[in-house]
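Working notes, beginning with the structure itself.
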Amino acid sequence: MSGPVGIGVIGVGVISDTYLENLASFPDVEVLIVGDLLLDRAKSQAEKHGVPAWGSAEDVLAHPDVQVVVNLTIPAAHIEVSAAAIAAGKHVWTEKPLGLDRDGAAQLLRDAAAKGLRVGSAPDTVLGPGFQTAKRAVAQGVIGEPMFASTTFQTIGPDVWHPSPAFLFAEGAGPLLDMGPYYFTGLVSLFGSVDSVVALGRKKFEERVIATGPNAGTTFPVEVPTSLQVLTAFAAGQQASSLLSFDSALERHGVFEIHGTEGSLVIPDPNQFEGRNAYVQARTSISDGAWGEQEWIEIEQEGVVVGRGLGLLDMVRAIAEDRPHVATGELGFHVLDVLLSAQESVESGQVVSVSSSIAAPVPAVPVDFDPFAQTL
């Protein structure tokens, strides 16, 4: 790859706006065409963002100058669209999750490897300076040896604000597969492969009511657990507890805490690219045998803040530099395997071993990584 790399986008729903805005600001890539099932929507997004061509998914795959396909379709279509891109000889960046079944996702990665093509998978929030600052702090030993983590995402549910929320409560979604990828990608990026999981889950309601938009008052079925508690055991010895819920009157999300032998670290919301990092040392809050005030030590965030599309840019540069990229398809597959294992644990009531693993630690992002510098 030399010069701006040609990008084609398939699926131009709401999330495509932030991708198209960010990708337009990176000199190493150029969006050449957008495609969608709804051609009018593809045309509208192309005109809105100054993309020179628009059409169907097939038009994107046939474009001779597109080297990387960005797959922003619905989760149920991720494998089908990504596999078509690989068959067309294109690298793939896909929104999360990588897919909804292990076999399809594993075959996708095998097909890509056989053709010498890369697969990258969201979320790429782990490349942001907020998370990377935390990753460096853990590596530097500010809290000693990490022992366990605690993460929380709890909200009243998207049926309160989303005009068409049924898909978020259907098979392949719910808080586990919709929001879980952010939290578990963060955990795996810090601790490595997951060895086993055990989980509990339940539904608040069998049906829910749309609260806003033209379909307000309409009910829809709830197909998946809407509150889950997941315990995770990592191969390196760490443990984590995670709450994921669409049933809580108390809104509390973005909670991500890491506890080590020498202190505790709070890190940013894994659904964001920046945020607060601070730690408290194990013995600074003990005075005369009694607990006193917690003395938090702030860690200055380092790195350039961008947004979605950062993982794609890293993948493009990694191809040119012949190095691993950060948010790999293998990472996305392992996180998917962990989430599906948690789902199976809810159904069986048993501890479930996770068969996949990541081959090496997730790479860190250099502090001086500049998305706006032309390197190709």
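Residues are named by chain letter and number: chains run A, B, ... in the order of the structure tokens, numbers start at 1 in each chain, and ligands are numbered from 1 in the order shown.
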- [ ] With a distance cut-off of 10 Å and only C-alpha atoms, select the neighbouring residues of Ser16 (chain A), excluding the residue or stretch itself and same-chain residues fewer than 3 positions from it, and output the selection as a ChimeraX atom specification.
- [x] /A:9-13,19-22,34,45,70-73,308
Per residue of region 122-173 of chain A within 7 Å of region 269-283 of chain A, which atom pair is closest and at what distance in Å (one decimal), using only C-alpha atoms, listed by chain and increasing number, as CSV?
residue,atom,partner,partner_atom,distance
A:Thr125,CA,A:Phe273,CA,5.0
A:Val126,CA,A:Pro270,CA,7.0
A:Gly128,CA,A:Phe273,CA,4.4
A:Pro129,CA,A:Glu274,CA,5.8
A:Gly130,CA,A:Glu274,CA,3.9
A:Phe131,CA,A:Glu274,CA,6.9
A:Ala134,CA,A:Asn277,CA,6.4
A:Ile143,CA,A:Gln281,CA,6.9
Output C-alpha atoms for every residue in the selection just made, as a compact mmCIF listing (two decimals), in the first residue's frame.
# COMPACT_ATOMS: atom_id res chain seq x y z
CA THR A 125 -12.18 2.17 21.54
CA VAL A 126 -9.31 0.15 23.02
CA GLY A 128 -8.08 5.40 22.16
CA PRO A 129 -5.76 7.37 24.46
CA GLY A 130 -8.05 6.80 27.44
CA PHE A 131 -7.73 3.01 27.38
CA ALA A 134 -4.64 2.67 31.42
CA ILE A 143 -1.17 -1.13 41.03
Using DSSP on the backbone coordinates, identify the residues of region 130-306 of chain A assigned to strand (DSSP E); present them as a compact mmCIF listing (two decimals) with all heavy atoms, in the first residue's frame.
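Writing done, so here's selection-v5.txt:
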# COMPACT_ATOMS: atom_id res chain seq x y z
N PRO A 146 -1.99 -7.17 38.63
CA PRO A 146 -3.46 -7.17 38.55
C PRO A 146 -4.03 -8.50 39.05
O PRO A 146 -3.54 -9.56 38.68
CB PRO A 146 -3.74 -6.98 37.06
CG PRO A 146 -2.50 -6.38 36.51
CD PRO A 146 -1.37 -6.97 37.31
N MET A 147 -5.07 -8.40 39.88
CA MET A 147 -5.69 -9.60 40.44
C MET A 147 -7.10 -9.82 39.89
O MET A 147 -7.45 -10.93 39.49
CB MET A 147 -5.74 -9.49 41.97
CG MET A 147 -4.38 -9.42 42.64
SD MET A 147 -4.54 -9.16 44.43
CE MET A 147 -5.47 -10.62 44.90
N PHE A 148 -7.92 -8.78 39.92
CA PHE A 148 -9.29 -8.93 39.43
C PHE A 148 -9.81 -7.59 38.93
O PHE A 148 -9.24 -6.53 39.22
CB PHE A 148 -10.21 -9.51 40.51
CG PHE A 148 -10.43 -8.61 41.70
CD1 PHE A 148 -11.56 -7.80 41.78
CD2 PHE A 148 -9.53 -8.60 42.76
CE1 PHE A 148 -11.77 -6.98 42.88
CE2 PHE A 148 -9.74 -7.80 43.86
CZ PHE A 148 -10.87 -6.98 43.93
N ALA A 149 -10.88 -7.66 38.15
CA ALA A 149 -11.50 -6.47 37.59
C ALA A 149 -13.00 -6.53 37.84
O ALA A 149 -13.59 -7.60 38.03
CB ALA A 149 -11.21 -6.35 36.11
N SER A 150 -13.62 -5.35 37.81
CA SER A 150 -15.07 -5.23 37.95
C SER A 150 -15.58 -4.25 36.92
O SER A 150 -15.06 -3.13 36.80
CB SER A 150 -15.42 -4.75 39.36
OG SER A 150 -16.81 -4.57 39.51
N THR A 151 -16.58 -4.66 36.14
CA THR A 151 -17.15 -3.77 35.13
C THR A 151 -18.67 -3.74 35.28
O THR A 151 -19.28 -4.74 35.68
CB THR A 151 -16.79 -4.20 33.70
OG1 THR A 151 -17.51 -5.39 33.35
CG2 THR A 151 -15.29 -4.45 33.56
N THR A 152 -19.25 -2.60 34.94
CA THR A 152 -20.70 -2.42 35.08
C THR A 152 -21.26 -1.62 33.93
O THR A 152 -20.75 -0.55 33.59
CB THR A 152 -21.04 -1.69 36.39
OG1 THR A 152 -20.55 -2.45 37.50
CG2 THR A 152 -22.55 -1.52 36.54
N PHE A 153 -22.32 -2.17 33.33
CA PHE A 153 -23.17 -1.42 32.40
C PHE A 153 -24.60 -1.70 32.79
O PHE A 153 -25.08 -2.83 32.64
CB PHE A 153 -22.93 -1.84 30.94
CG PHE A 153 -23.90 -1.20 30.00
CD1 PHE A 153 -23.61 0.03 29.43
CD2 PHE A 153 -25.11 -1.80 29.70
CE1 PHE A 153 -24.52 0.65 28.57
CE2 PHE A 153 -26.03 -1.20 28.85
CZ PHE A 153 -25.73 0.03 28.28
N GLN A 154 -25.29 -0.70 33.32
CA GLN A 154 -26.69 -0.89 33.68
C GLN A 154 -27.47 0.35 33.28
O GLN A 154 -27.07 1.48 33.53
CB GLN A 154 -26.87 -1.19 35.17
CG GLN A 154 -26.33 -0.15 36.12
CD GLN A 154 -26.40 -0.59 37.57
OE1 GLN A 154 -25.43 -1.13 38.11
NE2 GLN A 154 -27.54 -0.37 38.20
N VAL A 194 -9.29 -15.59 27.84
CA VAL A 194 -10.21 -16.08 28.86
C VAL A 194 -10.21 -17.59 28.85
O VAL A 194 -10.27 -18.23 27.79
CB VAL A 194 -11.63 -15.54 28.61
CG1 VAL A 194 -12.64 -16.19 29.55
CG2 VAL A 194 -11.66 -14.02 28.76
N ASP A 195 -10.16 -18.18 30.03
CA ASP A 195 -10.14 -19.64 30.16
C ASP A 195 -11.54 -20.21 30.32
O ASP A 195 -11.88 -21.23 29.72
CB ASP A 195 -9.28 -20.03 31.37
CG ASP A 195 -9.15 -21.53 31.52
OD1 ASP A 195 -8.52 -22.15 30.65
OD2 ASP A 195 -9.69 -22.07 32.51
N SER A 196 -12.39 -19.55 31.14
CA SER A 196 -13.74 -20.06 31.38
C SER A 196 -14.64 -18.95 31.89
O SER A 196 -14.17 -17.93 32.39
CB SER A 196 -13.72 -21.22 32.38
OG SER A 196 -13.24 -20.78 33.64
N VAL A 197 -15.95 -19.17 31.76
CA VAL A 197 -16.94 -18.21 32.25
C VAL A 197 -18.09 -18.96 32.91
O VAL A 197 -18.36 -20.12 32.59
CB VAL A 197 -17.51 -17.31 31.14
CG1 VAL A 197 -16.42 -16.46 30.50
CG2 VAL A 197 -18.23 -18.12 30.07
N VAL A 198 -18.75 -18.27 33.83
CA VAL A 198 -20.01 -18.75 34.37
C VAL A 198 -20.91 -17.53 34.51
O VAL A 198 -20.44 -16.44 34.86
CB VAL A 198 -19.83 -19.47 35.73
CG1 VAL A 198 -19.26 -18.54 36.79
CG2 VAL A 198 -21.14 -20.09 36.19
N ALA A 199 -22.18 -17.69 34.19
CA ALA A 199 -23.06 -16.52 34.13
C ALA A 199 -24.47 -16.86 34.58
O ALA A 199 -24.93 -18.00 34.47
CB ALA A 199 -23.08 -15.96 32.71
N LEU A 200 -25.15 -15.84 35.08
CA LEU A 200 -26.57 -15.88 35.39
C LEU A 200 -27.27 -14.82 34.55
O LEU A 200 -26.70 -13.75 34.30
CB LEU A 200 -26.82 -15.61 36.87
CG LEU A 200 -26.26 -16.60 37.88
CD1 LEU A 200 -26.44 -16.06 39.30
CD2 LEU A 200 -26.96 -17.95 37.73
N GLY A 201 -28.50 -15.10 34.14
CA GLY A 201 -29.24 -14.12 33.35
C GLY A 201 -30.73 -14.26 33.57
O GLY A 201 -31.22 -15.34 33.92
N ARG A 202 -31.45 -13.17 33.35
CA ARG A 202 -32.91 -13.19 33.46
C ARG A 202 -33.49 -12.05 32.63
O ARG A 202 -32.77 -11.14 32.19
CB ARG A 202 -33.36 -13.05 34.91
CG ARG A 202 -32.92 -11.77 35.61
CD ARG A 202 -33.58 -11.63 36.96
NE ARG A 202 -35.03 -11.57 36.83
CZ ARG A 202 -35.87 -11.48 37.86
NH1 ARG A 202 -35.40 -11.47 39.10
NH2 ARG A 202 -37.16 -11.42 37.67
N GLU A 207 -42.31 -9.07 27.24
CA GLU A 207 -42.58 -8.08 26.19
C GLU A 207 -42.22 -6.70 26.71
O GLU A 207 -42.33 -6.45 27.92
CB GLU A 207 -44.05 -8.09 25.76
CG GLU A 207 -44.49 -9.32 25.01
CD GLU A 207 -45.91 -9.17 24.48
OE1 GLU A 207 -46.69 -8.38 25.08
OE2 GLU A 207 -46.26 -9.82 23.48
N ARG A 208 -41.82 -5.81 25.80
CA ARG A 208 -41.53 -4.44 26.20
C ARG A 208 -42.28 -3.50 25.27
O ARG A 208 -42.76 -3.90 24.20
CB ARG A 208 -40.03 -4.18 26.20
CG ARG A 208 -39.34 -4.99 27.31
CD ARG A 208 -37.86 -4.81 27.35
NE ARG A 208 -37.43 -3.63 28.09
CZ ARG A 208 -36.53 -3.64 29.07
NH1 ARG A 208 -35.99 -4.78 29.47
NH2 ARG A 208 -36.15 -2.52 29.65
N VAL A 209 -42.38 -2.25 25.69
CA VAL A 209 -43.19 -1.26 24.99
C VAL A 209 -42.29 -0.16 24.46
O VAL A 209 -41.47 0.40 25.20
CB VAL A 209 -44.25 -0.66 25.93
CG1 VAL A 209 -45.12 0.36 25.17
CG2 VAL A 209 -45.13 -1.75 26.52
N THR A 219 -45.92 -2.98 21.40
CA THR A 219 -45.13 -3.96 22.16
C THR A 219 -44.32 -4.83 21.21
O THR A 219 -44.64 -4.97 20.02
CB THR A 219 -46.03 -4.86 23.01
OG1 THR A 219 -46.93 -5.59 22.16
CG2 THR A 219 -46.84 -4.04 24.01
N PHE A 220 -43.26 -5.43 21.74
CA PHE A 220 -42.45 -6.35 20.97
C PHE A 220 -41.90 -7.41 21.93
O PHE A 220 -41.75 -7.16 23.13
CB PHE A 220 -41.31 -5.62 20.25
CG PHE A 220 -40.34 -4.92 21.17
CD1 PHE A 220 -39.23 -5.58 21.69
CD2 PHE A 220 -40.56 -3.60 21.53
CE1 PHE A 220 -38.36 -4.94 22.55
CE2 PHE A 220 -39.69 -2.94 22.39
CZ PHE A 220 -38.58 -3.61 22.89
N PRO A 221 -41.57 -8.61 21.42
CA PRO A 221 -41.10 -9.68 22.30
C PRO A 221 -39.64 -9.49 22.70
O PRO A 221 -38.83 -8.93 21.94
CB PRO A 221 -41.25 -10.94 21.44
CG PRO A 221 -41.13 -10.44 20.04
CD PRO A 221 -41.76 -9.07 20.04
N SER A 227 -30.68 -8.94 31.77
CA SER A 227 -29.72 -8.67 32.85
C SER A 227 -28.85 -9.90 33.02
O SER A 227 -29.37 -11.01 33.13
CB SER A 227 -30.43 -8.35 34.17
OG SER A 227 -31.05 -7.09 34.13
N LEU A 228 -27.53 -9.68 33.02
CA LEU A 228 -26.60 -10.80 33.15
C LEU A 228 -25.48 -10.43 34.11
O LEU A 228 -25.01 -9.30 34.13
CB LEU A 228 -26.00 -11.18 31.80
CG LEU A 228 -26.97 -11.60 30.71
CD1 LEU A 228 -27.21 -10.45 29.75
CD2 LEU A 228 -26.46 -12.82 29.96
N GLN A 229 -25.08 -11.43 34.90
CA GLN A 229 -23.90 -11.32 35.75
C GLN A 229 -22.92 -12.38 35.26
O GLN A 229 -23.24 -13.57 35.20
CB GLN A 229 -24.27 -11.60 37.21
CG GLN A 229 -25.49 -10.84 37.69
CD GLN A 229 -25.14 -9.71 38.64
OE1 GLN A 229 -23.99 -9.34 38.76
NE2 GLN A 229 -26.14 -9.20 39.32
N VAL A 230 -21.72 -11.94 34.87
CA VAL A 230 -20.74 -12.84 34.27
C VAL A 230 -19.47 -12.83 35.10
O VAL A 230 -18.91 -11.77 35.40
CB VAL A 230 -20.41 -12.41 32.82
CG1 VAL A 230 -19.46 -13.40 32.17
CG2 VAL A 230 -21.68 -12.27 31.99
N LEU A 231 -19.03 -14.04 35.49
CA LEU A 231 -17.73 -14.21 36.14
C LEU A 231 -16.77 -14.81 35.12
O LEU A 231 -17.10 -15.79 34.46
CB LEU A 231 -17.84 -15.13 37.35
CG LEU A 231 -18.66 -14.61 38.54
CD1 LEU A 231 -18.72 -15.68 39.63
CD2 LEU A 231 -18.06 -13.33 39.08
N THR A 232 -15.60 -14.20 35.01
CA THR A 232 -14.64 -14.58 33.99
C THR A 232 -13.32 -14.98 34.63
O THR A 232 -12.80 -14.25 35.48
CB THR A 232 -14.40 -13.40 33.03
OG1 THR A 232 -15.66 -12.87 32.60
CG2 THR A 232 -13.60 -13.85 31.82
N ALA A 233 -12.78 -16.11 34.22
CA ALA A 233 -11.45 -16.55 34.67
C ALA A 233 -10.50 -16.48 33.49
O ALA A 233 -10.77 -17.05 32.43
CB ALA A 233 -11.51 -17.97 35.22
N PHE A 234 -9.38 -15.79 33.66
CA PHE A 234 -8.40 -15.63 32.59
C PHE A 234 -7.30 -16.66 32.72
O PHE A 234 -6.95 -17.10 33.82
CB PHE A 234 -7.82 -14.21 32.63
CG PHE A 234 -8.83 -13.15 32.29
CD1 PHE A 234 -9.70 -12.66 33.26
CD2 PHE A 234 -8.93 -12.67 30.99
CE1 PHE A 234 -10.65 -11.70 32.94
CE2 PHE A 234 -9.88 -11.71 30.66
CZ PHE A 234 -10.74 -11.23 31.64
N GLN A 239 -9.21 -12.57 37.39
CA GLN A 239 -10.65 -12.84 37.37
C GLN A 239 -11.39 -11.51 37.14
O GLN A 239 -10.84 -10.43 37.38
CB GLN A 239 -11.11 -13.47 38.68
CG GLN A 239 -10.42 -14.78 39.00
CD GLN A 239 -10.75 -15.28 40.40
OE1 GLN A 239 -11.34 -14.57 41.21
NE2 GLN A 239 -10.34 -16.52 40.68
N ALA A 240 -12.63 -11.60 36.69
CA ALA A 240 -13.44 -10.39 36.50
C ALA A 240 -14.90 -10.71 36.76
O ALA A 240 -15.36 -11.83 36.51
CB ALA A 240 -13.26 -9.83 35.09
N SER A 241 -15.61 -9.71 37.28
CA SER A 241 -17.06 -9.79 37.41
C SER A 241 -17.67 -8.66 36.60
O SER A 241 -17.20 -7.52 36.66
CB SER A 241 -17.49 -9.69 38.88
OG SER A 241 -17.10 -8.45 39.44
N SER A 242 -18.70 -8.99 35.82
CA SER A 242 -19.29 -8.01 34.91
C SER A 242 -20.81 -8.06 35.00
O SER A 242 -21.40 -9.14 34.91
CB SER A 242 -18.85 -8.28 33.47
OG SER A 242 -17.45 -8.19 33.33
N LEU A 243 -21.42 -6.88 35.16
CA LEU A 243 -22.87 -6.73 35.13
C LEU A 243 -23.25 -6.03 33.84
O LEU A 243 -22.69 -4.98 33.51
CB LEU A 243 -23.35 -5.91 36.33
CG LEU A 243 -24.81 -5.42 36.28
CD1 LEU A 243 -25.79 -6.59 36.28
CD2 LEU A 243 -25.10 -4.47 37.45
N LEU A 244 -24.21 -6.62 33.12
CA LEU A 244 -24.74 -6.03 31.89
C LEU A 244 -26.26 -6.07 31.98
O LEU A 244 -26.85 -7.15 32.08
CB LEU A 244 -24.26 -6.81 30.67
CG LEU A 244 -22.75 -6.83 30.43
CD1 LEU A 244 -22.35 -8.06 29.63
CD2 LEU A 244 -22.32 -5.57 29.69
N SER A 245 -26.91 -4.90 31.94
CA SER A 245 -28.35 -4.89 32.18
C SER A 245 -29.06 -3.79 31.40
O SER A 245 -28.58 -2.66 31.30
CB SER A 245 -28.65 -4.69 33.67
OG SER A 245 -30.04 -4.63 33.89
N ARG A 252 -26.03 3.52 35.29
CA ARG A 252 -24.63 3.49 35.67
C ARG A 252 -23.88 2.62 34.67
O ARG A 252 -24.06 1.42 34.61
CB ARG A 252 -24.46 2.92 37.09
CG ARG A 252 -23.02 2.97 37.59
CD ARG A 252 -22.95 2.59 39.07
NE ARG A 252 -23.48 1.29 39.33
CZ ARG A 252 -23.70 0.79 40.55
NH1 ARG A 252 -23.44 1.56 41.62
NH2 ARG A 252 -24.18 -0.42 40.71
N HIS A 253 -23.06 3.27 33.87
CA HIS A 253 -22.32 2.50 32.88
C HIS A 253 -20.95 3.12 32.70
O HIS A 253 -20.67 4.22 33.17
CB HIS A 253 -23.08 2.41 31.56
CG HIS A 253 -23.78 3.65 31.13
ND1 HIS A 253 -23.15 4.69 30.50
CD2 HIS A 253 -25.07 4.04 31.29
CE1 HIS A 253 -24.01 5.64 30.24
NE2 HIS A 253 -25.19 5.29 30.72
N GLY A 254 -20.09 2.39 32.01
CA GLY A 254 -18.73 2.84 31.87
C GLY A 254 -17.87 2.56 33.08
O GLY A 254 -16.75 3.07 33.19
N VAL A 255 -18.37 1.75 34.03
CA VAL A 255 -17.59 1.42 35.22
C VAL A 255 -16.59 0.32 34.85
O VAL A 255 -16.97 -0.76 34.39
CB VAL A 255 -18.50 0.94 36.37
CG1 VAL A 255 -17.65 0.54 37.58
CG2 VAL A 255 -19.49 2.03 36.74
N PHE A 256 -15.31 0.61 35.05
CA PHE A 256 -14.26 -0.36 34.72
C PHE A 256 -13.14 -0.16 35.74
O PHE A 256 -12.43 0.83 35.71
CB PHE A 256 -13.74 -0.10 33.30
CG PHE A 256 -13.08 -1.28 32.64
CD1 PHE A 256 -13.49 -1.71 31.39
CD2 PHE A 256 -12.04 -1.97 33.26
CE1 PHE A 256 -12.88 -2.79 30.76
CE2 PHE A 256 -11.42 -3.05 32.65
CZ PHE A 256 -11.85 -3.46 31.40
N GLU A 257 -13.01 -1.11 36.65
CA GLU A 257 -12.03 -1.01 37.74
C GLU A 257 -11.09 -2.21 37.69
O GLU A 257 -11.53 -3.34 37.47
CB GLU A 257 -12.74 -0.99 39.10
CG GLU A 257 -13.73 0.15 39.25
CD GLU A 257 -14.60 0.00 40.49
OE1 GLU A 257 -14.58 -1.10 41.09
OE2 GLU A 257 -15.31 0.95 40.84
N ILE A 258 -9.81 -1.96 37.93
CA ILE A 258 -8.80 -3.02 37.97
C ILE A 258 -8.14 -2.97 39.34
O ILE A 258 -7.66 -1.90 39.77
CB ILE A 258 -7.74 -2.83 36.88
CG1 ILE A 258 -8.40 -2.63 35.51
CG2 ILE A 258 -6.80 -4.03 36.84
CD1 ILE A 258 -7.47 -2.08 34.47
N HIS A 259 -8.11 -4.09 40.03
CA HIS A 259 -7.59 -4.15 41.39
C HIS A 259 -6.34 -5.05 41.42
O HIS A 259 -6.39 -6.19 40.95
CB HIS A 259 -8.66 -4.67 42.34
CG HIS A 259 -9.93 -3.88 42.25
ND1 HIS A 259 -10.11 -2.68 42.91
CD2 HIS A 259 -11.07 -4.10 41.54
CE1 HIS A 259 -11.31 -2.19 42.63
NE2 HIS A 259 -11.92 -3.04 41.80
N GLY A 260 -5.25 -4.50 41.96
CA GLY A 260 -4.00 -5.22 41.98
C GLY A 260 -3.45 -5.38 43.38
O GLY A 260 -4.06 -4.93 44.37
N GLY A 263 -2.69 -1.67 44.62
CA GLY A 263 -3.63 -0.56 44.48
C GLY A 263 -4.75 -0.89 43.52
O GLY A 263 -4.85 -2.01 42.99
N SER A 264 -5.62 0.11 43.31
CA SER A 264 -6.79 -0.05 42.43
C SER A 264 -6.80 1.09 41.42
O SER A 264 -6.51 2.25 41.76
CB SER A 264 -8.08 -0.04 43.24
OG SER A 264 -8.15 -1.16 44.10
N LEU A 265 -7.17 0.76 40.18
CA LEU A 265 -7.17 1.72 39.08
C LEU A 265 -8.56 1.80 38.48
O LEU A 265 -9.18 0.78 38.18
CB LEU A 265 -6.17 1.26 38.00
CG LEU A 265 -6.10 2.03 36.69
CD1 LEU A 265 -5.51 3.43 36.91
CD2 LEU A 265 -5.26 1.27 35.66
N VAL A 266 -9.08 3.03 38.32
CA VAL A 266 -10.32 3.23 37.57
C VAL A 266 -9.95 3.75 36.20
O VAL A 266 -9.09 4.63 36.06
CB VAL A 266 -11.28 4.20 38.30
CG1 VAL A 266 -11.74 3.61 39.61
CG2 VAL A 266 -10.65 5.58 38.51
N ASN A 277 -8.33 8.38 34.09
CA ASN A 277 -7.58 7.30 34.71
C ASN A 277 -7.05 7.79 36.05
O ASN A 277 -6.43 8.85 36.12
CB ASN A 277 -6.40 6.89 33.83
CG ASN A 277 -6.79 6.00 32.67
OD1 ASN A 277 -7.02 4.81 32.85
ND2 ASN A 277 -6.88 6.57 31.48
N ALA A 278 -7.31 7.03 37.10
CA ALA A 278 -6.79 7.40 38.42
C ALA A 278 -6.66 6.15 39.26
O ALA A 278 -7.39 5.17 39.07
CB ALA A 278 -7.74 8.40 39.11
N TYR A 279 -5.70 6.17 40.19
CA TYR A 279 -5.52 5.00 41.03
C TYR A 279 -5.31 5.42 42.49
O TYR A 279 -4.93 6.56 42.79
CB TYR A 279 -4.35 4.15 40.55
CG TYR A 279 -2.97 4.76 40.67
CD1 TYR A 279 -2.14 4.44 41.74
CD2 TYR A 279 -2.49 5.63 39.71
CE1 TYR A 279 -0.86 4.98 41.86
CE2 TYR A 279 -1.21 6.18 39.80
CZ TYR A 279 -0.40 5.85 40.87
OH TYR A 279 0.85 6.39 40.99
N VAL A 280 -5.61 4.49 43.36
CA VAL A 280 -5.37 4.67 44.78
C VAL A 280 -4.45 3.55 45.23
O VAL A 280 -4.62 2.39 44.83
CB VAL A 280 -6.69 4.68 45.59
CG1 VAL A 280 -7.44 3.36 45.45
CG2 VAL A 280 -6.44 4.98 47.06
N GLN A 281 -3.43 3.89 46.00
CA GLN A 281 -2.48 2.88 46.48
C GLN A 281 -3.06 2.13 47.67
O GLN A 281 -3.88 2.66 48.42
CB GLN A 281 -1.16 3.54 46.82
CG GLN A 281 -0.47 4.13 45.58
CD GLN A 281 0.80 4.88 45.92
OE1 GLN A 281 0.87 5.57 46.93
NE2 GLN A 281 1.81 4.75 45.07
N ILE A 286 -4.81 4.23 55.00
CA ILE A 286 -4.84 3.71 56.36
C ILE A 286 -4.01 4.62 57.27
O ILE A 286 -2.87 4.94 56.98
CB ILE A 286 -4.26 2.28 56.43
CG1 ILE A 286 -5.08 1.33 55.53
CG2 ILE A 286 -4.22 1.77 57.85
CD1 ILE A 286 -4.53 -0.08 55.50
N SER A 287 -4.62 5.07 58.34
CA SER A 287 -3.94 5.95 59.29
C SER A 287 -4.33 5.54 60.70
O SER A 287 -5.51 5.48 61.04
CB SER A 287 -4.33 7.41 59.05
OG SER A 287 -3.72 8.25 60.01
N ALA A 290 -7.02 2.97 61.21
CA ALA A 290 -8.40 3.23 60.76
C ALA A 290 -8.36 3.73 59.32
O ALA A 290 -7.39 4.35 58.87
CB ALA A 290 -9.06 4.27 61.66
N TRP A 291 -9.45 3.49 58.61
CA TRP A 291 -9.53 3.96 57.23
C TRP A 291 -9.73 5.47 57.22
O TRP A 291 -10.51 6.02 57.98
CB TRP A 291 -10.70 3.29 56.49
CG TRP A 291 -10.41 1.87 56.16
CD1 TRP A 291 -10.88 0.77 56.80
CD2 TRP A 291 -9.56 1.39 55.12
NE1 TRP A 291 -10.38 -0.38 56.23
CE2 TRP A 291 -9.56 -0.02 55.19
CE3 TRP A 291 -8.80 2.00 54.14
CZ2 TRP A 291 -8.84 -0.82 54.31
CZ3 TRP A 291 -8.08 1.20 53.27
CH2 TRP A 291 -8.10 -0.19 53.36
N ILE A 297 -4.71 9.32 42.77
CA ILE A 297 -3.61 9.86 41.98
C ILE A 297 -4.05 9.85 40.53
O ILE A 297 -4.31 8.79 39.94
CB ILE A 297 -2.34 9.02 42.18
CG1 ILE A 297 -1.94 8.99 43.65
CG2 ILE A 297 -1.20 9.57 41.33
CD1 ILE A 297 -0.86 7.97 43.98
N GLU A 298 -4.17 11.03 39.96
CA GLU A 298 -4.62 11.16 38.58
C GLU A 298 -3.48 10.82 37.62
O GLU A 298 -2.32 11.16 37.85
CB GLU A 298 -5.12 12.58 38.30
CG GLU A 298 -6.24 13.04 39.21
CD GLU A 298 -7.56 12.31 38.96
OE1 GLU A 298 -7.81 11.95 37.79
OE2 GLU A 298 -8.32 12.12 39.93
N ILE A 299 -3.82 10.15 36.51
CA ILE A 299 -2.86 9.82 35.47
C ILE A 299 -3.20 10.65 34.23
O ILE A 299 -4.33 10.56 33.71
CB ILE A 299 -2.88 8.33 35.12
CG1 ILE A 299 -2.62 7.48 36.36
CG2 ILE A 299 -1.85 8.02 34.03
CD1 ILE A 299 -2.76 5.99 36.11
Task: region 42-105 of chain A: residues DSSP assigns to alpha helix (DSSP H), reported as an MDAnalysis selection string - done: chainID A and resid 42:49 57:62 78:87 102:105
TODO: Please measure the separation of CA of Ala62 (chain A) and CA of Ala46 (chain A), giving the value in Å to one decimal.
DONE: 17.2 Å
- [ ] State, in Å with one decimal place, the distance from CA of Ile79 (chain A) to CA of Leu336 (chain A).
- [x] 12.6 Å
Task: Gly99 (chain A) environment, 10 Å, only C-alpha atoms, sequence neighbours closer than 3 positions dropped, as a PyMOL selection string - done: chain A and resi 74-80+82+94-96+102-106+108+121+172+332-333+336
